[in-house]
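Asker: Just upload35.csv, nothing more (CSV, C-alpha atoms):
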```
chain,number,residue,atom,x,y,z
D,285,MET,CA,89.6,162.0,27.6
D,286,LYS,CA,91.7,163.1,30.6
D,287,LYS,CA,89.0,165.6,31.6
D,288,ILE,CA,86.4,162.8,31.4
D,289,ILE,CA,88.5,160.5,33.6
D,290,ILE,CA,89.0,163.4,36.1
D,291,SER,CA,85.3,164.1,36.1
D,292,ILE,CA,84.5,160.4,36.7
D,293,ILE,CA,87.0,160.3,39.5
D,294,SER,CA,85.4,163.4,41.0
D,295,ILE,CA,81.9,162.0,40.8
D,296,VAL,CA,83.0,158.7,42.3
D,297,SER,CA,84.7,160.6,45.1
D,298,ILE,CA,81.6,162.6,45.9
D,299,ILE,CA,79.5,159.4,45.9
D,300,MET,CA,82.0,157.7,48.2
D,301,MET,CA,82.0,160.7,50.6
D,302,ILE,CA,78.2,160.7,50.7
D,303,SER,CA,78.1,157.0,51.2
D,304,CYS,CA,80.7,157.1,54.0
D,305,GLY,CA,78.8,160.0,55.6
D,306,GLY,CA,75.7,157.8,55.5
D,307,MET,CA,77.6,154.9,56.9
D,308,LYS,CA,79.0,157.0,59.7
D,309,LYS,CA,75.5,158.2,60.6
D,310,SER,CA,74.0,154.7,60.5
D,311,SER,CA,76.9,153.3,62.6
D,312,GLY,CA,75.7,155.5,65.5
D,313,TYR,CA,72.7,154.8,67.7
D,314,GLU,CA,70.3,157.8,68.1
D,315,LEU,CA,68.0,156.1,70.6
D,316,ALA,CA,69.4,154.3,73.6
D,317,LEU,CA,68.1,152.5,76.7
D,318,ILE,CA,70.2,151.8,79.8
D,319,THR,CA,69.0,148.7,81.6
D,320,ASP,CA,69.1,148.5,85.4
D,321,VAL,CA,71.6,145.6,85.2
D,322,GLY,CA,68.8,143.3,84.2
D,323,THR,CA,68.1,142.3,80.6
D,324,ILE,CA,65.6,143.6,78.1
D,325,ASP,CA,63.5,140.4,78.4
D,326,ASP,CA,63.0,140.8,82.2
D,327,ARG,CA,59.2,141.0,81.9
D,328,SER,CA,59.3,144.3,83.8
D,329,PHE,CA,60.6,147.8,83.4
D,330,ASN,CA,63.5,147.0,81.0
D,331,GLN,CA,61.4,145.0,78.7
D,332,GLY,CA,58.3,147.3,78.7
D,333,SER,CA,60.5,150.4,78.0
D,334,TRP,CA,62.6,148.6,75.3
D,335,GLU,CA,59.4,147.5,73.5
D,336,GLY,CA,58.2,151.1,73.3
D,337,LEU,CA,61.6,152.4,72.1
D,338,THR,CA,62.1,149.7,69.5
D,339,LYS,CA,58.5,150.1,68.2
D,340,TYR,CA,59.1,153.7,67.5
D,341,ALA,CA,62.6,153.2,66.1
D,342,GLU,CA,61.5,150.4,63.7
D,343,GLU,CA,58.5,152.3,62.5
D,344,ASN,CA,60.6,155.4,61.8
D,345,GLY,CA,63.9,153.8,60.7
D,346,ILE,CA,65.9,155.2,63.6
D,347,SER,CA,69.1,153.5,64.9
D,348,HIS,CA,68.8,152.2,68.5
D,349,LYS,CA,70.6,150.1,71.1
D,350,TYR,CA,70.5,149.2,74.7
D,351,TYR,CA,73.4,149.2,77.2
D,352,GLN,CA,73.6,146.9,80.2
D,353,PRO,CA,75.7,148.4,83.1
D,354,ALA,CA,78.4,146.2,84.6
D,355,GLN,CA,77.2,146.9,88.1
D,356,LYS,CA,74.1,148.1,90.0
D,357,THR,CA,75.7,151.4,91.0
D,358,THR,CA,75.3,155.1,90.1
D,359,ASP,CA,78.9,155.2,88.7
D,360,ALA,CA,78.1,152.2,86.4
D,361,TYR,CA,74.9,153.8,85.2
D,362,VAL,CA,76.8,157.1,84.5
D,363,ASP,CA,79.4,155.1,82.6
D,364,ALA,CA,76.7,153.4,80.5
D,365,ILE,CA,75.2,156.8,79.7
D,366,ASP,CA,78.6,158.2,78.7
D,367,LEU,CA,79.0,155.1,76.4
D,368,ALA,CA,75.6,155.7,74.8
D,369,VAL,CA,76.4,159.4,74.2
D,370,SER,CA,79.8,158.5,72.7
D,371,ALA,CA,78.0,156.2,70.3
D,372,GLY,CA,75.7,158.9,69.1
D,373,ALA,CA,72.7,158.9,71.4
D,374,LYS,CA,70.4,161.8,71.1
D,375,LEU,CA,67.8,160.5,73.5
D,376,ILE,CA,68.4,158.1,76.4
D,377,VAL,CA,65.7,156.2,78.3
D,378,THR,CA,66.5,155.2,81.9
D,379,PRO,CA,63.8,152.9,83.3
D,380,GLY,CA,63.4,153.1,87.1
D,381,PHE,CA,64.1,155.2,90.2
D,382,LEU,CA,67.5,153.7,90.5
D,383,PHE,CA,68.6,156.0,87.8
D,384,GLU,CA,67.7,159.2,89.7
D,385,PRO,CA,71.3,160.0,90.8
D,386,ALA,CA,72.8,159.1,87.5
D,387,VAL,CA,70.5,161.3,85.5
D,388,TYR,CA,71.0,164.0,88.1
D,389,LYS,CA,74.7,164.0,87.2
D,390,SER,CA,74.4,163.4,83.5
D,391,GLN,CA,71.8,166.0,82.7
D,392,ASP,CA,74.5,168.7,83.3
D,393,ILE,CA,77.3,166.8,81.6
D,394,HIS,CA,75.4,166.0,78.4
D,395,THR,CA,73.3,169.1,77.8
D,396,ASN,CA,72.7,168.3,74.2
D,397,VAL,CA,71.2,164.9,75.0
D,398,SER,CA,67.6,164.3,76.1
D,399,PHE,CA,66.7,161.9,78.9
D,400,VAL,CA,63.5,160.1,79.7
D,401,LEU,CA,63.5,159.0,83.3
D,402,LEU,CA,60.8,156.6,84.2
D,403,ASP,CA,59.4,156.3,87.7
D,404,GLY,CA,61.8,158.8,89.2
D,405,ILE,CA,63.0,162.4,89.6
D,406,PRO,CA,66.7,163.3,89.3
D,407,GLN,CA,68.2,163.6,92.8
D,408,ASP,CA,71.6,163.7,94.3
D,409,GLY,CA,71.6,160.2,95.8
D,410,ASN,CA,70.8,161.4,99.3
D,411,TYR,CA,67.4,163.0,98.5
D,412,THR,CA,68.7,166.3,99.8
D,413,ASN,CA,68.6,168.0,96.4
D,414,SER,CA,66.7,167.3,93.2
D,415,LYS,CA,66.4,169.2,89.9
D,416,ILE,CA,65.1,168.6,86.4
D,417,GLU,CA,66.9,170.4,83.6
D,418,LYS,CA,65.3,171.2,80.3
D,419,ASN,CA,66.8,168.0,78.7
D,420,VAL,CA,65.0,165.7,81.2
D,421,TYR,CA,61.5,164.4,81.1
D,422,SER,CA,60.5,162.6,84.3
D,423,ALA,CA,57.5,160.3,84.0
D,424,LEU,CA,55.9,158.9,87.1
D,425,TYR,CA,52.9,156.6,87.3
D,426,ALA,CA,49.7,156.5,89.4
D,427,GLU,CA,50.5,153.1,91.0
D,428,GLU,CA,47.6,153.7,93.4
D,429,GLN,CA,45.2,153.7,90.5
D,430,ALA,CA,46.7,150.6,89.0
D,431,GLY,CA,46.5,148.8,92.3
D,432,PHE,CA,43.0,150.1,92.8
D,433,LEU,CA,41.9,148.5,89.5
D,434,ALA,CA,43.5,145.2,90.5
D,435,GLY,CA,41.9,145.1,94.0
D,436,TYR,CA,38.5,146.1,92.6
D,437,ALA,CA,38.6,143.5,89.8
D,438,ILE,CA,39.6,140.6,92.1
D,439,VAL,CA,36.9,141.3,94.6
D,440,LYS,CA,34.3,141.6,91.8
D,441,GLU,CA,35.6,138.3,90.5
D,442,GLY,CA,34.5,136.8,93.8
D,443,TYR,CA,37.8,136.4,95.8
D,444,THR,CA,37.7,137.3,99.4
D,445,ASN,CA,40.9,136.0,101.0
D,446,LEU,CA,43.8,138.1,99.6
D,447,GLY,CA,47.4,139.0,100.1
D,448,VAL,CA,49.7,141.8,99.3
D,449,MET,CA,53.4,140.8,99.1
D,450,GLY,CA,55.4,144.0,98.5
D,451,GLY,CA,59.1,144.1,97.8
D,452,ILE,CA,60.8,147.0,99.6
D,453,ALA,CA,58.6,149.7,101.1
D,454,VAL,CA,59.5,152.4,98.6
D,455,PRO,CA,56.8,154.9,97.5
D,456,PRO,CA,55.8,153.1,94.3
D,457,VAL,CA,55.4,149.8,96.0
D,458,ILE,CA,53.4,151.4,98.9
D,459,ARG,CA,51.1,153.1,96.4
D,460,PHE,CA,50.4,149.9,94.6
D,461,GLY,CA,49.5,148.2,97.9
D,462,TYR,CA,47.4,151.0,99.3
D,463,GLY,CA,45.5,151.3,96.0
D,464,PHE,CA,44.8,147.6,96.0
D,465,ILE,CA,43.2,147.8,99.4
D,466,GLN,CA,41.1,150.8,98.4
D,467,GLY,CA,39.9,149.0,95.2
D,468,ALA,CA,39.0,145.9,97.2
D,469,GLU,CA,37.0,148.1,99.7
D,470,TYR,CA,35.2,149.9,96.9
D,471,ALA,CA,34.1,146.7,95.2
D,472,ALA,CA,33.1,145.2,98.5
D,473,GLU,CA,30.9,148.2,99.3
D,474,GLU,CA,29.5,148.2,95.8
D,475,ILE,CA,28.5,144.5,96.1
D,476,GLY,CA,27.1,145.0,99.6
D,477,LEU,CA,29.4,142.6,101.5
D,478,GLU,CA,29.4,142.4,105.2
D,479,VAL,CA,32.1,143.8,107.5
D,480,GLY,CA,35.2,141.6,107.6
D,481,THR,CA,34.2,139.6,104.5
D,482,ILE,CA,37.4,140.6,102.6
D,483,LYS,CA,40.6,139.6,104.4
D,484,ILE,CA,44.0,140.8,103.3
D,485,ASN,CA,47.5,139.7,104.5
D,486,TYR,CA,49.9,142.5,103.9
D,487,THR,CA,53.7,142.6,104.2
D,488,TYR,CA,57.0,143.9,102.6
D,489,VAL,CA,59.6,141.2,102.2
D,490,GLY,CA,62.4,143.7,102.1
D,491,ASN,CA,63.8,142.7,98.7
D,492,PHE,CA,63.0,142.4,95.0
D,493,ASN,CA,64.5,138.9,94.6
D,494,ALA,CA,63.2,135.4,93.8
D,495,THR,CA,64.3,133.6,96.9
D,496,PRO,CA,63.3,130.3,98.7
D,497,GLU,CA,62.3,132.5,101.7
D,498,ASN,CA,59.9,134.5,99.6
D,499,GLN,CA,58.4,131.3,98.1
D,500,THR,CA,58.0,129.8,101.5
D,501,LEU,CA,56.2,132.8,102.8
D,502,ALA,CA,53.8,132.8,99.8
D,503,THR,CA,53.3,129.1,100.2
D,504,SER,CA,52.3,129.6,103.9
D,505,TRP,CA,49.8,132.2,102.9
D,506,TYR,CA,48.2,129.9,100.2
D,507,GLN,CA,48.1,127.0,102.6
D,508,SER,CA,46.4,129.2,105.2
D,509,GLY,CA,43.6,130.1,102.8
D,510,VAL,CA,44.8,133.0,100.8
D,511,GLN,CA,43.4,132.7,97.3
D,512,VAL,CA,45.2,135.6,95.4
D,513,ILE,CA,48.5,137.4,96.1
D,514,PHE,CA,49.1,140.8,94.7
D,515,ALA,CA,52.9,141.0,94.2
D,516,PRO,CA,54.4,144.5,93.6
D,517,ALA,CA,57.8,142.9,94.4
D,518,GLY,CA,60.0,142.6,91.3
D,519,GLY,CA,61.6,139.2,91.2
D,520,ALA,CA,59.9,138.2,94.5
D,521,GLY,CA,56.7,138.1,92.4
D,522,ASN,CA,58.2,135.0,90.7
D,523,SER,CA,58.5,133.4,94.1
D,524,ALA,CA,54.8,134.0,94.6
D,525,MET,CA,54.1,132.5,91.2
D,526,SER,CA,56.1,129.4,92.0
D,527,ALA,CA,54.2,129.0,95.3
D,528,ALA,CA,50.8,129.5,93.5
D,529,GLU,CA,51.6,126.9,90.9
D,530,GLN,CA,52.1,124.3,93.7
D,531,ASN,CA,49.1,125.4,95.8
D,532,ASN,CA,46.4,126.2,93.3
D,533,GLY,CA,46.6,129.9,93.9
D,534,TRP,CA,46.5,133.0,91.8
D,535,VAL,CA,48.9,135.9,91.5
D,536,ILE,CA,48.4,139.5,90.3
D,537,GLY,CA,51.5,140.8,88.5
D,538,VAL,CA,52.7,144.4,88.2
D,539,ASP,CA,54.3,146.9,85.8
D,540,ILE,CA,53.7,145.0,82.6
D,541,ASP,CA,51.4,142.2,81.5
D,542,GLN,CA,53.0,139.2,83.3
D,543,SER,CA,50.5,136.6,82.0
D,544,SER,CA,53.3,134.8,80.1
D,545,GLU,CA,55.3,134.4,83.3
D,546,SER,CA,53.0,131.8,84.8
D,547,PRO,CA,49.6,130.3,84.3
D,548,THR,CA,48.7,131.5,87.8
D,549,VAL,CA,48.8,135.2,86.8
D,550,ILE,CA,45.2,136.2,86.7
D,551,THR,CA,45.9,139.8,85.8
D,552,SER,CA,48.5,142.5,86.1
D,553,ALA,CA,48.4,146.1,87.5
D,554,MET,CA,50.2,147.7,84.6
D,555,LYS,CA,52.1,150.9,84.0
D,556,MET,CA,51.9,151.6,80.3
D,557,LEU,CA,55.7,151.8,80.0
D,558,GLY,CA,56.0,151.1,76.3
D,559,GLU,CA,53.3,153.5,75.4
D,560,SER,CA,54.7,156.3,77.5
D,561,VAL,CA,58.3,155.8,76.1
D,562,TYR,CA,56.9,155.7,72.6
D,563,ASN,CA,55.0,159.0,73.2
D,564,ALA,CA,58.0,160.7,74.7
D,565,ILE,CA,60.2,159.8,71.7
D,566,ASP,CA,57.5,160.9,69.3
D,567,ASN,CA,57.3,164.2,71.1
D,568,PHE,CA,61.1,164.5,70.9
D,569,TYR,CA,61.2,164.1,67.2
D,570,ASN,CA,58.3,166.4,66.7
D,571,ASN,CA,59.9,169.2,68.8
D,572,ARG,CA,57.4,168.7,71.6
D,573,PHE,CA,59.7,167.1,74.1
D,574,PRO,CA,58.4,168.0,77.6
D,575,GLY,CA,61.8,168.6,79.2
D,576,GLY,CA,62.1,170.1,82.6
D,577,GLN,CA,58.9,168.5,83.8
D,578,SER,CA,57.9,165.6,86.1
D,579,VAL,CA,54.5,164.3,85.1
D,580,ILE,CA,52.3,161.7,86.7
D,581,LEU,CA,50.7,159.4,84.1
D,582,ASP,CA,47.3,158.2,85.4
D,583,ALA,CA,44.0,157.0,84.0
D,584,LYS,CA,43.3,160.3,82.3
D,585,VAL,CA,46.2,159.7,79.9
D,586,ASN,CA,45.9,155.9,79.8
D,587,GLY,CA,49.0,155.7,81.9
D,588,ILE,CA,47.9,152.6,83.9
D,589,GLY,CA,45.5,149.7,83.4
D,590,LEU,CA,44.8,146.0,83.4
D,591,PRO,CA,45.4,143.7,80.4
D,592,MET,CA,41.9,142.6,79.9
D,593,LYS,CA,42.6,140.5,76.8
D,594,THR,CA,45.0,138.2,78.7
D,595,SER,CA,43.4,138.4,82.1
D,596,LYS,CA,41.8,135.1,83.3
D,597,PHE,CA,38.7,136.6,84.7
D,598,LYS,CA,35.5,134.6,84.5
D,599,VAL,CA,33.1,137.1,86.2
D,600,PHE,CA,34.7,140.5,85.9
D,601,THR,CA,33.9,141.7,82.3
D,602,GLN,CA,35.3,144.3,79.9
D,603,SER,CA,32.2,146.4,80.5
D,604,ASP,CA,32.9,146.3,84.3
D,605,TYR,CA,36.4,147.4,83.6
D,606,ASP,CA,35.4,150.2,81.3
D,607,ALA,CA,32.9,151.5,83.8
D,608,ILE,CA,35.3,151.7,86.8
D,609,TYR,CA,38.1,153.1,84.6
D,610,LYS,CA,35.8,155.9,83.4
D,611,LYS,CA,35.1,156.7,87.1
D,612,LEU,CA,38.9,157.2,87.6
D,613,VAL,CA,39.1,159.3,84.5
D,614,ASP,CA,36.1,161.4,85.6
D,615,ASP,CA,37.4,161.8,89.2
D,616,GLN,CA,34.3,160.0,90.5
D,617,VAL,CA,36.7,157.8,92.5
D,618,LYS,CA,39.5,159.3,94.6
D,619,VAL,CA,42.3,156.9,95.3
D,620,LEU,CA,44.6,158.0,98.2
D,621,THR,CA,48.4,157.9,97.9
D,622,ASP,CA,51.1,157.2,100.4
D,623,LYS,CA,51.4,161.0,100.9
D,624,GLU,CA,47.8,161.3,101.8
D,625,VAL,CA,47.6,158.7,104.5
D,626,ASN,CA,49.9,157.8,107.4
D,627,GLY,CA,49.9,154.0,107.2
D,628,ILE,CA,47.5,151.3,106.3
D,629,ASN,CA,45.3,151.9,109.3
D,630,GLN,CA,44.4,155.4,108.0
D,631,LEU,CA,43.0,154.0,104.8
D,632,PRO,CA,39.1,154.3,104.5
D,633,MET,CA,38.1,150.7,105.3
D,634,ASN,CA,34.7,149.5,106.5
D,635,ILE,CA,34.5,146.0,105.1
D,636,VAL,CA,38.1,145.0,104.3
D,637,LYS,CA,40.2,143.8,107.2
D,638,VAL,CA,43.9,144.0,106.8
D,639,ASN,CA,46.4,141.8,108.7
D,640,PHE,CA,49.7,143.8,108.5
D,641,ILE,CA,52.6,141.4,109.0
D,642,GLN,CA,55.9,142.9,109.9
```
What does this structure look like when you write it as structure tokens?
Answerer:
Amino acid sequence: MKKIIISIISIVSIIMMISCGGMKKSSGYELALITDVGTIDDRSFNQGSWEGLTKYAEENGISHKYYQPAQKTTDAYVDAIDLAVSAGAKLIVTPGFLFEPAVYKSQDIHTNVSFVLLDGIPQDGNYTNSKIEKNVYSALYAEEQAGFLAGYAIVKEGYTNLGVMGGIAVPPVIRFGYGFIQGAEYAAEEIGLEVGTIKINYTYVGNFNATPENQTLATSWYQSGVQVIFAPAGGAGNSAMSAAEQNNGWVIGVDIDQSSESPTVITSAMKMLGESVYNAIDNFYNNRFPGGQSVILDAKVNGIGLPMKTSKFKVFTQSDYDAIYKKLVDDQVKVLTDKEVNGINQLPMNIVKVNFIQ
């Protein structure tokens, strides 16, 4: 009887040890996302990235969590990364170029943790030194192609008086804008419009914030005849939407499908954030993590696009979209980047006339 009791106690102890081990494992969070101070429902980088991460995690039963830094500083980002690692993170997603210095530091500190850096390359904060260790995958996007598709579609839709309201003149924003102009030019030539038919107001507001000043600027454009504003401008895009709502205008969103932000969003020049995060995590768990690389995700890998199901086009069709997208994939259309031209005036424009507003 005593032996039986001892055996039962031993079995129970083993079960408890297994259970406690399982609880310890499930109490950690293998997948983590660090937000750039904003929330995971920001209708931009944080949300798009989080949706891709949660989709994979929920499909595969993997613990996951997001961490919101206390401040918009490199030190705060590093602290959030440290916190995620201490909670068991094996892979950390950092959405946006603001994380470049933080990942630059953390890749050497947490060598057993993998990082997915979206829209940036690890650098020292002064752009004097950059490096990508084997535990970092840097995913960039062909913003110029996304902008091209938006510009092409809006001109094919029949609009001729346009605006580009960029946030800060950083490379991704510039590429969006330059691509938009080239898309408008390509469509105008395809349709056979006369020189000067397409007019574009173009500016950088110098911030990514929803402010009364940005709304006033957008309002003045709409009231002067601008029909559609392309807004690669973060929160400033919401200012354009507010102005559009009051002036019967349209807005083209960026990064993710922003159609739910405002009824004035006619389409969005998207980076397939969720899909690229999902694929990176899948590669990680299947021992194919592309660490040590910086890759540009373009049309060839479905890295960019327009959300045709939610776009409010009446003329531009799915077949039109498929045809121009295929030309990008097949290299039948070459869209120039910020590194290939020195300013707006060097873009190949015969029909489109750009009014650059400083």
Asker: Just to confirm, what's the straight-line distance from atom CA of D:Asn531 to atom CA of D:Thr503 in Å (one decimal)?
Answerer: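 Taking atom CA of D:Asn531 as the start and atom CA of D:Thr503 as the end point, the length is 7.1 Å.
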Asker: Using all atoms listed in the file, can you tell me which of D:Val377, D:Val457, D:Ala316, D:Ile565 comes closest to D:Ala430?
Answerer: D:Val457
Asker: Scan for residues within 8 Å of the point (45.1, 148.7, 80.9) in the coordinates of the file, using all atoms listed in the file, and reply as an NGL selection string.
Answerer: :D and (553-556 or 586 or 588-592)
Asker: Export, as a PDB file, keeping the file's coordinate frame, the selected residues with C-alpha atoms.
Answerer:
```
ATOM      1  CA  ALA D 553      48.400 146.100  87.500  1.00  0.00           C
ATOM      2  CA  MET D 554      50.200 147.700  84.600  1.00  0.00           C
ATOM      3  CA  LYS D 555      52.100 150.900  84.000  1.00  0.00           C
ATOM      4  CA  MET D 556      51.900 151.600  80.300  1.00  0.00           C
ATOM      5  CA  ASN D 586      45.900 155.900  79.800  1.00  0.00           C
ATOM      6  CA  ILE D 588      47.900 152.600  83.900  1.00  0.00           C
ATOM      7  CA  GLY D 589      45.500 149.700  83.400  1.00  0.00           C
ATOM      8  CA  LEU D 590      44.800 146.000  83.400  1.00  0.00           C
ATOM      9  CA  PRO D 591      45.400 143.700  80.400  1.00  0.00           C
ATOM     10  CA  MET D 592      41.900 142.600  79.900  1.00  0.00           C
TER      11      MET D 592
END
```
Asker: Quick one: residues within 9 Å of stretch 392-407 of chain D, only C-alpha atoms counted, chain neighbours fewer than 3 positions away excluded, as number ranges by chain?
Answerer: D: 329, 333, 366, 369, 373-389, 410-425, 456, 557, 561, 564-565, 568, 573, 575, 578, 580
Asker: So what do you get for atom CA of D:Glu428 versus atom CA of D:Phe460, distance-wise?
Answerer: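 Distance reported for this atom pair: 4.9 Å.
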Asker: For D:Glu478, which residue among D:Thr444, D:Lys618, D:Ile628, D:Ala371 is the nearest when counting only C-alpha atoms?
Answerer: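 Looking at the shortest contact to D:Glu478, the residue is D:Thr444.
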Asker: Can you tell me which residues surround stretch 344-361 of chain D at a distance of at most 7 Å, considering all atoms listed in the file, apart from same-chain residues fewer than 3 positions away, and format the answer as a list of chain:residue names?
Answerer: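 Residues meeting the cut-off are D:Ser310, D:Gly312, D:Tyr313, D:Glu314, D:Leu315, D:Ala316, D:Leu317, D:Ile318, D:Thr319, D:Asp320, D:Val321, D:Tyr340, D:Ala341, D:Ala364, D:Ile365, D:Pro385, D:Ala386.
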Asker: Here is a test: counting all atoms listed in the file, which residue of D:Ala437, D:Glu497, D:Thr481, D:Ala528 is nearest to D:Ala607?
Answerer: D:Ala437
Asker: Give me the residues near D:Gln630 as a short mmCIF file (atom, residue, chain, number, x, y, z; two decimals) with C-alpha atoms, keeping the file's coordinate frame, where near means some atom within 12 Å (using all atoms listed in the file) and where sequence neighbours in that chain fewer than 3 positions away do not count.
Answerer:
```
data_model
loop_
_atom_site.label_atom_id
_atom_site.label_comp_id
_atom_site.auth_asym_id
_atom_site.auth_seq_id
_atom_site.Cartn_x
_atom_site.Cartn_y
_atom_site.Cartn_z
CA TYR D 462 47.40 151.00 99.30
CA ILE D 465 43.20 147.80 99.40
CA GLN D 466 41.10 150.80 98.40
CA LEU D 620 44.60 158.00 98.20
CA THR D 621 48.40 157.90 97.90
CA ASP D 622 51.10 157.20 100.40
CA LYS D 623 51.40 161.00 100.90
CA GLU D 624 47.80 161.30 101.80
CA VAL D 625 47.60 158.70 104.50
CA ASN D 626 49.90 157.80 107.40
CA GLY D 627 49.90 154.00 107.20
CA MET D 633 38.10 150.70 105.30
CA ASN D 634 34.70 149.50 106.50
CA VAL D 638 43.90 144.00 106.80
#
```
Asker: Near D:Ser328, counting only C-alpha atoms, which residues have an atom at most 9 Å away, once you skip same-chain residues fewer than 5 positions from it, shown as a VMD selection string?
Answerer: chain D and resid 333 518 538 to 542
Asker: How many Å lie between atom CA of D:Ala426 and atom CA of D:Asp582, rounded to one decimal?
Answerer: 5.0 Å
Asker: Kindly indicate which residue among D:Glu529, D:Ile484, D:Leu433, D:Thr323 lies nearest to D:Tyr609, using only C-alpha atoms for the distances.
Answerer: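 Closest to D:Tyr609 of all the choices is D:Leu433.
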Asker: Excluding D:Asn639 and any residue of its chain fewer than 4 positions from it, enumerate the residues within 12 Å of it, using all atoms listed in the file, and give them as a list of chain:residue names.
Answerer: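 Result of the neighbour search: D:Asn445, D:Leu446, D:Gly447, D:Val448, D:Met449, D:Ile465, D:Gly480, D:Ile482, D:Lys483, D:Ile484, D:Asn485, D:Tyr486, D:Thr487, D:Trp505, D:Val510, D:Ile628, D:Asn629.
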Asker: Here is a test: counting only C-alpha atoms, which residue of D:Ser508, D:Ser544, D:Ile608, D:Ile438 is nearest to D:Asp325?
Answerer: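 So, comparing all the options, the nearest one is D:Ser544.
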Asker: Which of these residues is nearest to D:Gln331, using all atoms listed in the file: D:Pro516, D:Gly461, D:Gly533, D:Gly558?
Answerer: D:Gly558
